[in-house]
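A.B. asks: Contents of protein_22.cif (mmCIF, C-alpha atoms and all ligand atoms):
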```
data_target
loop_
_atom_site.label_atom_id
_atom_site.label_comp_id
_atom_site.auth_asym_id
_atom_site.auth_seq_id
_atom_site.Cartn_x
_atom_site.Cartn_y
_atom_site.Cartn_z
CA MET A 22 19.93 -49.18 20.31
CA THR A 23 17.10 -48.04 18.03
CA ARG A 24 17.39 -48.98 14.37
CA LEU A 25 15.24 -49.08 11.26
CA VAL A 26 14.84 -52.45 9.55
CA GLY A 27 13.12 -52.44 6.19
CA GLY A 28 12.15 -54.46 3.14
CA ALA A 29 10.89 -53.44 -0.29
CA HIS A 30 9.17 -54.75 -3.38
CA THR A 31 8.26 -53.17 -6.70
CA ASP A 32 6.39 -54.38 -9.76
CA VAL A 33 5.45 -53.05 -13.20
CA GLY A 34 1.81 -54.02 -12.62
CA GLN A 35 -0.65 -55.63 -15.04
CA VAL A 36 -1.00 -52.88 -17.64
CA ARG A 37 2.12 -50.74 -17.99
CA SER A 38 5.07 -51.75 -20.17
CA ASN A 39 7.81 -50.31 -17.96
CA ASN A 40 8.31 -49.58 -14.30
CA GLN A 41 8.92 -45.91 -13.54
CA ASP A 42 8.83 -46.43 -9.76
CA ALA A 43 11.98 -46.77 -7.70
CA ALA A 44 12.73 -47.66 -4.09
CA LEU A 45 15.64 -47.00 -1.75
CA SER A 46 15.96 -49.77 0.77
CA ALA A 47 18.57 -51.94 2.41
CA PRO A 48 17.90 -54.44 5.21
CA GLN A 49 19.52 -52.06 7.69
CA SER A 50 19.65 -48.50 6.56
CA VAL A 51 19.20 -45.06 8.03
CA ILE A 52 16.96 -43.97 5.16
CA TYR A 53 14.19 -45.54 3.08
CA ALA A 54 12.45 -43.92 0.13
CA VAL A 55 9.96 -44.38 -2.73
CA ALA A 56 9.88 -42.39 -5.98
CA ASP A 57 7.25 -42.57 -8.73
CA GLY A 58 8.58 -41.05 -11.95
CA MET A 59 6.64 -39.49 -14.79
CA GLY A 60 7.15 -37.89 -18.15
CA GLY A 61 8.24 -38.74 -21.64
CA HIS A 62 9.39 -41.91 -23.30
CA ARG A 63 11.82 -42.95 -20.57
CA GLY A 64 11.84 -39.73 -18.53
CA GLY A 65 9.88 -41.22 -15.62
CA GLU A 66 12.31 -44.06 -15.07
CA VAL A 67 15.28 -41.72 -15.21
CA ALA A 68 13.72 -39.15 -12.90
CA SER A 69 12.85 -41.58 -10.10
CA ALA A 70 16.22 -43.37 -10.29
CA LEU A 71 18.19 -40.11 -10.42
CA ALA A 72 16.32 -38.65 -7.47
CA LEU A 73 16.99 -41.65 -5.22
CA GLU A 74 20.61 -41.85 -6.36
CA ALA A 75 21.14 -38.18 -5.52
CA LEU A 76 19.38 -38.65 -2.18
CA SER A 77 21.55 -41.58 -1.11
CA ARG A 78 24.76 -39.97 -2.42
CA GLN A 79 24.04 -36.86 -0.39
CA LEU A 80 23.59 -38.94 2.76
CA ARG A 81 26.27 -41.56 2.16
CA THR A 82 29.01 -39.58 3.82
CA LEU A 83 26.92 -39.11 6.93
CA SER A 84 26.69 -41.26 10.02
CA ALA A 85 25.48 -44.81 9.47
CA VAL A 86 23.54 -44.67 12.75
CA ALA A 87 21.22 -41.68 12.28
CA LEU A 88 21.00 -38.40 10.41
CA GLU A 89 21.69 -35.30 12.40
CA SER A 90 18.23 -33.82 12.02
CA VAL A 91 15.20 -33.61 9.76
CA GLU A 92 16.86 -30.64 8.02
CA THR A 93 19.62 -32.99 6.84
CA LEU A 94 16.95 -35.08 5.13
CA VAL A 95 15.13 -32.08 3.66
CA ASP A 96 18.45 -30.76 2.27
CA ALA A 97 19.09 -34.11 0.62
CA VAL A 98 15.65 -33.95 -1.04
CA LEU A 99 16.41 -30.43 -2.28
CA SER A 100 19.68 -31.60 -3.82
CA ALA A 101 17.82 -34.50 -5.46
CA ASN A 102 15.42 -31.94 -6.91
CA GLU A 103 18.31 -29.92 -8.33
CA ARG A 104 19.89 -33.04 -9.81
CA VAL A 105 16.71 -34.10 -11.67
CA PHE A 106 15.96 -30.52 -12.77
CA GLU A 107 19.48 -30.05 -14.22
CA GLU A 108 19.30 -33.35 -16.08
CA ALA A 109 15.86 -32.55 -17.51
CA ARG A 110 17.09 -29.16 -18.66
CA SER A 111 20.27 -30.36 -20.30
CA ASN A 112 18.78 -33.39 -22.07
CA THR A 113 15.97 -32.74 -24.58
CA ASP A 114 14.85 -36.40 -24.42
CA LEU A 115 14.16 -35.95 -20.74
CA PHE A 116 12.57 -32.51 -20.87
CA GLY A 117 9.67 -32.22 -18.44
CA MET A 118 10.42 -35.36 -16.48
CA GLY A 119 9.71 -35.38 -12.76
CA THR A 120 9.12 -37.69 -9.85
CA THR A 121 7.40 -37.98 -6.53
CA LEU A 122 9.63 -38.65 -3.54
CA CYS A 123 8.79 -39.74 -0.03
CA ALA A 124 11.28 -40.93 2.57
CA VAL A 125 11.69 -41.86 6.23
CA ALA A 126 14.93 -41.70 8.19
CA LEU A 127 16.14 -42.06 11.74
CA VAL A 128 17.35 -38.69 13.02
CA GLY A 129 18.86 -37.32 16.22
CA ARG A 130 20.69 -39.05 19.06
CA ALA A 131 19.53 -41.51 21.66
CA PRO A 132 17.52 -41.31 23.78
CA SER A 133 15.49 -38.72 21.84
CA GLN A 134 15.69 -40.26 18.40
CA GLN A 135 12.99 -39.39 15.91
CA VAL A 136 11.67 -40.76 12.69
CA ALA A 137 11.75 -37.97 10.10
CA VAL A 138 9.27 -38.15 7.22
CA VAL A 139 9.50 -36.07 4.05
CA ASN A 140 7.22 -35.85 1.04
CA VAL A 141 6.83 -34.24 -2.37
CA GLY A 142 4.06 -35.51 -4.67
CA ASP A 143 1.43 -38.21 -4.20
CA SER A 144 3.39 -41.20 -2.98
CA ARG A 145 2.48 -41.80 0.64
CA VAL A 146 3.89 -42.61 4.05
CA TYR A 147 1.65 -44.39 6.56
CA VAL A 148 2.43 -45.55 10.06
CA LEU A 149 0.98 -48.61 11.77
CA HIS A 150 0.98 -47.62 15.44
CA ASP A 151 -0.72 -49.83 18.05
CA GLY A 152 -2.33 -51.73 15.17
CA GLU A 153 -3.90 -48.58 13.68
CA LEU A 154 -2.95 -47.39 10.22
CA VAL A 155 -2.55 -43.61 9.90
CA GLN A 156 -1.66 -41.71 6.75
CA LEU A 157 1.10 -39.23 7.62
CA THR A 158 1.66 -37.45 4.32
CA GLU A 159 -0.74 -35.30 2.38
CA ASP A 160 -0.84 -35.76 -1.41
CA HIS A 161 0.28 -32.82 -3.50
CA SER A 162 -2.42 -33.42 -6.05
CA LEU A 163 -5.24 -31.44 -7.60
CA VAL A 164 -7.93 -33.65 -6.06
CA GLN A 165 -6.35 -33.34 -2.60
CA SER A 166 -6.51 -29.54 -2.85
CA LEU A 167 -10.18 -29.85 -3.83
CA VAL A 168 -10.74 -32.06 -0.77
CA ARG A 169 -8.96 -29.49 1.37
CA ASP A 170 -11.22 -26.75 -0.02
CA GLY A 171 -14.28 -28.86 0.69
CA GLN A 172 -15.16 -29.29 -2.99
CA LEU A 173 -14.62 -33.05 -2.99
CA THR A 174 -14.98 -35.71 -0.33
CA ALA A 175 -12.08 -38.07 0.31
CA ASP A 176 -14.17 -40.88 -1.21
CA GLU A 177 -14.83 -38.87 -4.37
CA ALA A 178 -11.15 -37.96 -4.62
CA ALA A 179 -10.12 -41.62 -4.36
CA VAL A 180 -11.89 -42.44 -7.65
CA HIS A 181 -11.57 -39.07 -9.41
CA PRO A 182 -10.39 -39.45 -13.04
CA GLN A 183 -7.90 -36.60 -12.61
CA ARG A 184 -6.39 -37.82 -9.36
CA ASN A 185 -3.00 -38.26 -11.05
CA ILE A 186 -2.54 -34.51 -11.64
CA LEU A 187 0.16 -33.35 -9.24
CA THR A 188 0.60 -29.88 -7.78
CA ARG A 189 4.15 -30.47 -6.51
CA VAL A 190 6.83 -32.69 -7.93
CA ILE A 191 10.61 -33.23 -7.86
CA GLY A 192 12.62 -31.99 -10.85
CA VAL A 193 10.33 -29.58 -12.71
CA GLU A 194 11.36 -26.38 -10.93
CA PRO A 195 14.79 -25.29 -9.67
CA ASP A 196 13.41 -25.23 -6.13
CA VAL A 197 10.68 -27.20 -4.39
CA GLU A 198 8.81 -27.04 -1.10
CA VAL A 199 9.30 -30.20 0.96
CA ASP A 200 6.74 -31.28 3.57
CA TRP A 201 8.29 -32.88 6.64
CA TRP A 202 7.22 -34.41 9.91
CA GLU A 203 8.97 -35.83 12.97
CA ARG A 204 7.68 -38.57 15.22
CA PRO A 205 9.31 -40.21 18.21
CA ALA A 206 11.06 -43.44 17.21
CA VAL A 207 8.74 -45.87 18.99
CA THR A 208 9.80 -49.50 18.97
CA GLY A 209 7.15 -51.57 17.25
CA ASP A 210 5.96 -48.79 14.94
CA ARG A 211 5.85 -49.88 11.33
CA TYR A 212 6.12 -47.40 8.47
CA LEU A 213 4.82 -48.01 4.96
CA LEU A 214 6.07 -46.00 1.97
CA CYS A 215 4.22 -46.65 -1.27
CA SER A 216 3.44 -45.32 -4.73
CA ASP A 217 -0.14 -44.59 -5.80
CA GLY A 218 -0.22 -47.97 -7.57
CA LEU A 219 -0.90 -49.46 -4.13
CA PHE A 220 -3.57 -47.26 -2.56
CA ASN A 221 -5.51 -46.83 -5.81
CA GLU A 222 -6.03 -50.60 -5.90
CA VAL A 223 -6.10 -51.67 -2.25
CA THR A 224 -8.26 -50.33 0.57
CA ASP A 225 -6.71 -48.95 3.75
CA GLY A 226 -8.34 -51.81 5.65
CA ARG A 227 -6.56 -54.43 3.60
CA ILE A 228 -3.28 -52.57 3.77
CA ALA A 229 -3.56 -52.42 7.56
CA ALA A 230 -4.51 -56.11 7.85
CA THR A 231 -1.52 -57.11 5.73
CA LEU A 232 0.90 -54.99 7.72
CA ARG A 233 -0.46 -56.51 10.95
CA GLN A 234 -0.20 -60.09 9.70
CA LEU A 235 3.26 -60.33 8.18
CA ALA A 236 6.20 -59.80 10.54
CA ASP A 237 8.92 -59.73 7.91
CA PRO A 238 9.07 -56.31 6.18
CA THR A 239 10.03 -57.76 2.78
CA GLU A 240 7.22 -60.34 2.96
CA ALA A 241 4.75 -57.62 3.87
CA ALA A 242 5.93 -55.44 0.96
CA LYS A 243 5.57 -58.36 -1.46
CA ALA A 244 2.09 -59.19 -0.17
CA LEU A 245 0.94 -55.60 -0.64
CA VAL A 246 2.27 -55.53 -4.22
CA SER A 247 0.42 -58.80 -4.91
CA LEU A 248 -2.81 -57.27 -3.58
CA ALA A 249 -2.39 -54.29 -5.93
CA ASN A 250 -1.92 -56.60 -8.90
CA ALA A 251 -4.93 -58.64 -7.85
CA GLY A 252 -6.94 -55.41 -7.63
CA GLY A 253 -6.14 -54.54 -11.26
CA GLY A 254 -2.49 -53.51 -11.24
CA ARG A 255 -3.24 -50.51 -13.46
CA ASP A 256 -0.06 -48.72 -12.41
CA ASN A 257 3.44 -49.55 -11.29
CA VAL A 258 3.37 -50.46 -7.62
CA THR A 259 6.10 -50.06 -5.02
CA CYS A 260 6.05 -50.72 -1.28
CA VAL A 261 8.74 -50.23 1.37
CA VAL A 262 7.97 -51.50 4.87
CA VAL A 263 10.15 -50.16 7.69
CA ASP A 264 10.12 -51.34 11.30
CA VAL A 265 11.46 -49.40 14.27
CA VAL A 266 13.36 -51.98 16.34
CA ASP A 267 15.42 -51.86 19.50
CA ASP A 268 18.30 -54.29 19.96
CA ASP A 269 17.69 -54.33 23.69
CA THR A 270 14.17 -55.71 23.31
CA GLU A 271 12.50 -58.25 21.07
CA PRO A 272 13.14 -57.33 17.43
CA GLY A 273 10.32 -56.55 15.07
CA PRO A 274 6.61 -56.13 15.62
CA ALA A 275 5.38 -59.07 17.68
CA GLN A 276 1.90 -59.21 16.21
CA GLY A 277 2.92 -60.84 12.92
CA ASP A 278 2.23 -64.47 12.15
CA PRO A 279 5.61 -65.95 11.21
CA GLY A 280 3.93 -68.86 9.42
CA ALA A 281 1.99 -66.73 6.96
CA THR A 282 3.47 -66.24 3.52
CA ALA A 283 2.61 -63.57 1.02
CA ALA A 284 0.86 -66.05 -1.25
CA ALA A 285 -1.14 -67.58 1.58
CA LEU A 286 -2.14 -64.17 2.79
CA LEU A 287 -3.20 -63.11 -0.69
CA ALA A 288 -5.34 -66.25 -1.09
CA ALA A 289 -6.91 -65.69 2.30
CA ASP A 290 -7.53 -62.06 1.56
CA LEU A 291 -9.25 -62.73 -1.74
CA THR A 292 -11.80 -65.04 -0.12
CA GLU A 293 -12.45 -62.70 2.78
CA PRO A 294 -15.24 -60.18 2.47
CA THR A 295 -13.73 -56.84 1.64
CA PRO A 296 -13.50 -54.88 4.85
CA LEU A 297 -15.07 -51.47 4.88
CA PRO A 298 -12.54 -48.79 4.19
CA GLU A 299 -11.47 -47.18 7.41
CA PRO A 300 -13.16 -43.84 7.73
CA ARG A 301 -10.73 -41.09 6.97
CA PRO A 302 -10.96 -38.11 9.25
CA ARG A 303 -12.51 -35.16 7.45
CA ARG A 304 -10.00 -32.82 8.86
CA PHE A 305 -11.14 -29.69 7.11
CA THR A 306 -14.82 -29.64 7.97
CA PHE A 307 -14.44 -27.04 10.72
CA ARG A 308 -12.01 -24.99 8.71
CA VAL A 309 -14.46 -24.86 5.82
CA LEU A 310 -17.27 -23.90 8.19
CA ALA A 311 -15.16 -21.16 9.79
CA PHE A 312 -14.20 -19.90 6.36
CA VAL A 313 -17.83 -19.65 5.25
CA VAL A 314 -18.81 -17.86 8.46
CA VAL A 315 -16.01 -15.32 8.02
CA LEU A 316 -16.93 -14.83 4.37
CA VAL A 317 -20.60 -14.18 5.20
CA ALA A 318 -19.63 -11.76 7.98
CA LEU A 319 -17.30 -9.86 5.64
CA ALA A 320 -19.96 -9.64 2.95
CA GLY A 321 -22.48 -8.35 5.52
CA ALA A 322 -20.05 -5.74 6.83
CA ALA A 323 -19.26 -4.60 3.27
CA TRP A 324 -22.98 -4.35 2.47
CA ILE A 325 -23.65 -2.20 5.53
CA ALA A 326 -20.63 0.00 4.82
CA ILE A 327 -21.65 0.59 1.20
CA ARG A 328 -25.26 1.26 2.16
CA THR A 329 -24.20 3.69 4.87
CA TRP A 330 -21.89 5.52 2.51
CA ALA A 331 -24.46 5.51 -0.28
CA ARG A 332 -27.07 7.02 2.02
CA HIS A 333 -24.80 9.51 3.71
CA ASN A 334 -25.44 11.95 0.91
CA TYR A 335 -28.14 14.33 -0.19
CA PHE A 336 -28.70 15.97 -3.51
CA VAL A 337 -31.19 18.36 -4.96
CA ALA A 338 -32.25 17.69 -8.54
CA ALA A 339 -35.13 17.96 -10.95
CA SER A 340 -37.63 15.16 -11.09
CA GLY A 341 -39.78 16.01 -14.07
CA ASN A 342 -40.80 19.61 -13.40
CA ASP A 343 -40.36 19.30 -9.65
CA VAL A 344 -37.35 20.20 -7.56
CA VAL A 345 -36.78 17.28 -5.21
CA VAL A 346 -34.36 16.53 -2.37
CA PHE A 347 -32.96 13.01 -2.61
CA ARG A 348 -30.92 10.93 -0.22
CA GLY A 349 -28.25 8.73 -1.83
CA ARG A 350 -25.83 9.06 -4.72
CA PRO A 351 -27.11 10.85 -7.86
CA ASP A 352 -26.62 7.75 -10.06
CA GLY A 353 -27.24 5.30 -7.30
CA LEU A 354 -24.47 3.12 -5.91
CA LEU A 355 -24.50 -0.58 -6.75
CA TRP A 356 -28.04 -1.59 -5.84
CA PHE A 357 -28.74 1.41 -3.58
CA ASP A 358 -30.92 3.84 -5.54
CA PRO A 359 -31.45 7.34 -4.22
CA GLU A 360 -34.70 7.91 -2.34
CA VAL A 361 -36.91 11.01 -2.21
CA VAL A 362 -36.85 12.78 1.15
CA GLU A 363 -38.48 16.07 0.23
CA GLN A 364 -40.79 17.37 -2.48
CA THR A 365 -40.00 21.08 -2.37
CA GLY A 366 -43.09 22.23 -4.26
CA ILE A 367 -40.80 24.30 -6.46
CA GLU A 368 -41.28 23.89 -10.19
CA VAL A 369 -38.28 23.86 -12.47
CA SER A 370 -40.11 25.96 -15.05
CA GLY A 371 -40.49 28.71 -12.50
CA LEU A 372 -36.73 29.05 -11.89
CA THR A 373 -34.33 31.42 -13.54
CA PRO A 374 -32.25 29.86 -16.31
CA ALA A 375 -29.17 29.88 -14.03
CA GLN A 376 -31.02 28.17 -11.20
CA ARG A 377 -32.52 25.75 -13.66
CA GLU A 378 -29.03 24.86 -14.81
CA GLN A 379 -27.90 24.35 -11.20
CA VAL A 380 -30.84 22.12 -10.50
CA ASN A 381 -30.38 20.17 -13.70
CA GLU A 382 -26.73 19.58 -12.82
CA GLY A 383 -27.82 18.54 -9.37
CA TYR A 384 -26.57 19.91 -6.05
CA THR A 385 -24.80 17.30 -3.93
CA THR A 386 -24.00 17.64 -0.23
CA SER A 387 -23.43 15.42 2.77
CA SER A 388 -25.86 17.37 4.96
CA HIS A 389 -29.63 17.42 4.89
CA ALA A 390 -29.70 20.98 6.26
CA ASP A 391 -27.35 22.14 3.54
CA ALA A 392 -29.63 20.63 0.90
CA LEU A 393 -32.61 22.47 2.37
CA GLU A 394 -30.63 25.68 2.47
CA PHE A 395 -29.92 25.28 -1.23
CA VAL A 396 -33.63 24.83 -1.83
CA THR A 397 -34.31 27.96 0.18
CA ARG A 398 -31.93 29.92 -2.01
CA LEU A 399 -33.99 28.89 -5.03
CA THR A 400 -36.85 30.95 -3.71
CA THR A 401 -36.91 34.69 -3.15
CA PRO A 402 -36.26 35.73 0.44
CA THR A 403 -39.83 36.86 0.90
CA THR A 404 -41.49 33.85 -0.55
CA VAL A 405 -39.57 31.07 1.14
CA ARG A 406 -41.71 28.06 0.97
CA PRO A 407 -40.77 25.48 3.55
CA PRO A 408 -40.12 22.09 2.02
CA VAL A 409 -42.86 19.57 2.34
CA THR A 410 -42.04 16.20 3.82
CA THR A 411 -42.31 13.04 1.82
CA THR A 412 -45.48 11.73 3.40
CA THR A 413 -47.50 14.66 2.20
CA ALA A 414 -45.36 15.36 -0.78
CA VAL A 415 -47.58 14.09 -3.56
CA THR A 416 -50.74 15.94 -2.59
CA ALA A 417 -48.84 19.00 -1.50
CA ALA A 418 -47.00 19.18 -4.78
CA THR A 419 -50.16 18.94 -6.83
CA THR A 420 -52.01 21.55 -4.82
CA VAL A 421 -49.24 24.07 -5.07
CA PRO A 422 -50.39 26.83 -7.43
CA THR A 423 -48.70 26.75 -10.77
CA THR A 424 -47.50 30.25 -10.40
CA THR A 425 -44.65 29.81 -8.01
CA ALA A 426 -42.18 32.28 -6.69
CA PRO A 427 -41.25 34.92 -9.20
CA SER A 428 -38.01 34.39 -10.96
CA THR A 429 -35.19 36.20 -9.34
CA VAL A 430 -32.78 38.07 -11.50
CA THR A 431 -29.43 38.55 -9.96
CA VAL A 432 -27.74 41.64 -11.22
CA THR A 433 -24.09 42.01 -10.68
CA THR A 434 -22.70 45.35 -11.47
CA VAL A 435 -19.03 45.80 -11.74
CA PRO A 436 -18.33 49.29 -10.49
CA PRO A 437 -17.08 51.55 -13.24
CA GLY A 438 -13.67 53.01 -12.88
CA LEU A 439 -12.12 49.80 -11.70
CA PRO A 440 -11.39 48.01 -14.92
CA ALA A 441 -8.92 45.29 -14.25
CA GLU A 442 -6.25 45.04 -16.90
CA GLY A 443 -7.06 42.38 -19.45
CA THR A 444 -10.63 42.04 -18.31
CA PRO A 445 -13.53 42.98 -20.53
CA PRO A 446 -14.95 46.47 -20.12
CA PRO A 447 -17.43 46.74 -17.30
CA THR A 448 -20.83 45.68 -18.31
CA THR A 449 -23.99 44.89 -16.55
CA VAL A 450 -24.30 41.18 -16.27
CA ALA A 451 -27.68 39.73 -15.82
CA ALA A 452 -27.70 36.21 -14.62
CA GLY A 453 -29.05 34.26 -17.53
MN MN B 501 2.12 -44.13 -10.07
#
```
Mind turning the file's structure into structure tokens?
C.D. replies:
Amino acid sequence: MTRLVGGAHTDVGQVRSNNQDAALSAPQSVIYAVADGMGGHRGGEVASALALEALSRQLRTLSAVALESVETLVDAVLSANERVFEEARSNTDLFGMGTTLCAVALVGRAPSQQVAVVNVGDSRVYVLHDGELVQLTEDHSLVQSLVRDGQLTADEAAVHPQRNILTRVIGVEPDVEVDWWERPAVTGDRYLLCSDGLFNEVTDGRIAATLRQLADPTEAAKALVSLANAGGGRDNVTCVVVDVVDDDTEPGPAQGDPGATAAALLAADLTEPTPLPEPRPRRFTFRVLAFVVVLVALAGAAWIAIRTWARHNYFVAASGNDVVVFRGRPDGLLWFDPEVVEQTGIEVSGLTPAQREQVNEGYTTSSHADALEFVTRLTTPTTVRPPVTTTTAVTAATTVPTTTAPSTVTVTTVPPGLPAEGTPPPTTVAAG
């Protein structure tokens, strides 16, 4: 039968005056957890303890062999969140308290049992599988989101001064999103749950070496806490080591050295050259690249669309004393200024006042032909001067005689005898 066998150790560290971390661990339990509390005078201690108490109470009535499913575990975390939130709301001393929470549990029935992993905050769960240490959880921290966005490297994040700012936490909102994973329960796998007091002080390489060397989970947890204290112990530190064992085979991971003690290991470790940190996979490199490519493509498409729209327009307007056909929007659009397509050779001063007003207001159309037709209407039918194209525009315009087409006077006569009621008496209206 598959079981989880775990051991835990926690310590206040070298700098802090109280320990706000908490661990849930029994030699043989279905569930193991770590919580790292924060907030207020004693809020952190209360938050982490309350969360783990609520978690274990929720699961106490359930089977002692395995939880039904990962949902059972997630539900227990949600009820722990509610418990801490209610307490923080009803007790002013504890206002704003919160805690991280990560847990592993055996779920499902043999032979397809799984190890369920849940996480909220920046405590972590790692697995040592075939001697390789892999981080399973992703921190809900500001620096981790910057790493995900490609703004920080994992190495920069590991020493960032604001790496303790969390983006998700238990107990500060009535509801919380819980990350969860499931892995097959493989005999010999060893899980490590820890607060940030461990991985901020000890490299992954040393953590892995320690987990490989010490067979007993409690001894391994103690050794890791000692390493954190030796590294500075600037925070509370908590480690829970959990082995997947099978009663039908040899218990525990076989690679441990039963003779090694935590103290001996620590002494040995301190004299060893520090191993290089294991390279962490930069999982988001391709995502970032794809994102940039998409962004550039979108910007290009938008640029072309705006330019096309901006240019799909003609207007006739005065440029100085000349009537000119432009392509573009009258006031330009973003950085697309209108361009001259035709110098008509018509002078504004030669137009009737009404035409002058039309030209000064500008005549806008979506068709080039329509613009030219408007220009044609500016001239008398007998003296239509075809527009001159841009290439010859400047010379053509200057050689055009100053006396242009005679002003046309449109006379509209309202026939007498048909006075509409309420309209002014019929008069002769001269345009202008
Ligand atoms: Mn901490």
A.B. asks: With the cut-off set at 10 Å and counting all atoms listed in the file, tabulate each residue of chain A with an atom at most that distance from an atom of ligand MN 501 (chain B), showing the nearest atom pair and its distance in Å to one decimal, ordered by chain and increasing number, as a Markdown table.
C.D. replies:
```
| residue | atom | partner | partner_atom | distance |
| --- | --- | --- | --- | --- |
| A:Asn40 | CA | B:MN501 | MN | 9.3 |
| A:Gln41 | CA | B:MN501 | MN | 7.8 |
| A:Asp42 | CA | B:MN501 | MN | 7.1 |
| A:Ala56 | CA | B:MN501 | MN | 8.9 |
| A:Asp57 | CA | B:MN501 | MN | 5.5 |
| A:Gly58 | CA | B:MN501 | MN | 7.4 |
| A:Met59 | CA | B:MN501 | MN | 8.0 |
| A:Gly65 | CA | B:MN501 | MN | 10.0 |
| A:Thr120 | CA | B:MN501 | MN | 9.5 |
| A:Thr121 | CA | B:MN501 | MN | 8.8 |
| A:Asp143 | CA | B:MN501 | MN | 8.4 |
| A:Ser144 | CA | B:MN501 | MN | 7.8 |
| A:Asn185 | CA | B:MN501 | MN | 7.9 |
| A:Cys215 | CA | B:MN501 | MN | 9.4 |
| A:Ser216 | CA | B:MN501 | MN | 5.6 |
| A:Asp217 | CA | B:MN501 | MN | 4.9 |
| A:Gly218 | CA | B:MN501 | MN | 5.1 |
| A:Leu219 | CA | B:MN501 | MN | 8.5 |
| A:Phe220 | CA | B:MN501 | MN | 9.9 |
| A:Asn221 | CA | B:MN501 | MN | 9.1 |
| A:Arg255 | CA | B:MN501 | MN | 9.0 |
| A:Asp256 | CA | B:MN501 | MN | 5.6 |
| A:Asn257 | CA | B:MN501 | MN | 5.7 |
| A:Val258 | CA | B:MN501 | MN | 6.9 |
| A:Thr259 | CA | B:MN501 | MN | 8.7 |
```
A.B. asks: Compile the contact shell of range 101-104 of chain A as a ChimeraX atom specification: residues with an atom at most 9 Å away, counting all atoms listed in the file, same-chain residues fewer than 2 positions apart removed.
C.D. replies: /A:71-76,79,96-99,106-109,119,190-197
A.B. asks: May I have the selected residues written with C-alpha atoms, as a tab-separated table (two decimals), in the coordinates of the input?
C.D. replies:
```
chain	number	residue	atom	x	y	z
A	71	LEU	CA	18.19	-40.11	-10.42
A	72	ALA	CA	16.32	-38.65	-7.47
A	73	LEU	CA	16.99	-41.65	-5.22
A	74	GLU	CA	20.61	-41.85	-6.36
A	75	ALA	CA	21.14	-38.18	-5.52
A	76	LEU	CA	19.38	-38.65	-2.18
A	79	GLN	CA	24.04	-36.86	-0.39
A	96	ASP	CA	18.45	-30.76	2.27
A	97	ALA	CA	19.09	-34.11	0.62
A	98	VAL	CA	15.65	-33.95	-1.04
A	99	LEU	CA	16.41	-30.43	-2.28
A	106	PHE	CA	15.96	-30.52	-12.77
A	107	GLU	CA	19.48	-30.05	-14.22
A	108	GLU	CA	19.30	-33.35	-16.08
A	109	ALA	CA	15.86	-32.55	-17.51
A	119	GLY	CA	9.71	-35.38	-12.76
A	190	VAL	CA	6.83	-32.69	-7.93
A	191	ILE	CA	10.61	-33.23	-7.86
A	192	GLY	CA	12.62	-31.99	-10.85
A	193	VAL	CA	10.33	-29.58	-12.71
A	194	GLU	CA	11.36	-26.38	-10.93
A	195	PRO	CA	14.79	-25.29	-9.67
A	196	ASP	CA	13.41	-25.23	-6.13
A	197	VAL	CA	10.68	-27.20	-4.39
```
A.B. asks: Just how far from CA of Gly34 in chain A is CA of Val263 in chain A, in Å to one decimal?
C.D. replies: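 So the answer is 22.3 Å.
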A.B. asks: Would you please work out which residue, of A:Asp358, A:Glu203, A:Glu222, A:Asp176, is nearest to Ala251 in chain A when using only C-alpha atoms?
C.D. replies: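 Distance minimum relative to Ala251 in chain A lands on A:Glu222.
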A.B. asks: Counting all atoms listed in the file, which residue out of A:Ala242, A:Ala179, A:Leu173, A:Ala126 sits closest to Asp225 in chain A?
C.D. replies: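 Using all atoms listed in the file, Asp225 in chain A sits closest to A:Ala179.
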A.B. asks: Taking all atoms listed in the file into account, which of A:Arg233, A:Arg204, A:Arg169, A:Arg63 comes nearest Asn39 in chain A?
C.D. replies: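 Using all atoms listed in the file, the shortest distance to Asn39 in chain A belongs to A:Arg63.
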A.B. asks: Show me, as a list of chain:residue names, the residues that have an atom within 7 Å of Asn140 in chain A when counting only C-alpha atoms, minus same-chain residues fewer than 5 positions from it.
C.D. replies: A:Leu122, A:Cys123, A:Ala124, A:Thr158, A:Val199, A:Asp200, A:Trp201
A.B. asks: Could you work out how far CA of Arg78 in chain A lies from CA of Asp114 in chain A, giving the answer in Å with one decimal?
C.D. replies: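 Computing it gives 24.4 Å between the two atoms.
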A.B. asks: Could you tell me how far CA of Asp269 in chain A sits from CA of Val146 in chain A, in Å to one decimal place?
C.D. replies: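 The value is 26.7 Å.
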A.B. asks: What's around Gln49 in chain A at 12 Å? Count only C-alpha atoms, leave out sequence neighbours fewer than 6 positions away in its own chain, and write the answer as a short mmCIF file (atom, residue, chain, number, x, y, z; two decimals) with C-alpha atoms, in the frame of the given file.
C.D. replies:
```cif
data_model
loop_
_atom_site.label_atom_id
_atom_site.label_comp_id
_atom_site.auth_asym_id
_atom_site.auth_seq_id
_atom_site.Cartn_x
_atom_site.Cartn_y
_atom_site.Cartn_z
CA THR A 23 17.10 -48.04 18.03
CA ARG A 24 17.39 -48.98 14.37
CA LEU A 25 15.24 -49.08 11.26
CA VAL A 26 14.84 -52.45 9.55
CA GLY A 27 13.12 -52.44 6.19
CA GLY A 28 12.15 -54.46 3.14
CA ALA A 29 10.89 -53.44 -0.29
CA ALA A 85 25.48 -44.81 9.47
CA VAL A 86 23.54 -44.67 12.75
CA ALA A 87 21.22 -41.68 12.28
CA ALA A 126 14.93 -41.70 8.19
CA LEU A 127 16.14 -42.06 11.74
CA PRO A 238 9.07 -56.31 6.18
CA VAL A 262 7.97 -51.50 4.87
CA VAL A 263 10.15 -50.16 7.69
CA ASP A 264 10.12 -51.34 11.30
CA VAL A 265 11.46 -49.40 14.27
CA VAL A 266 13.36 -51.98 16.34
#
```
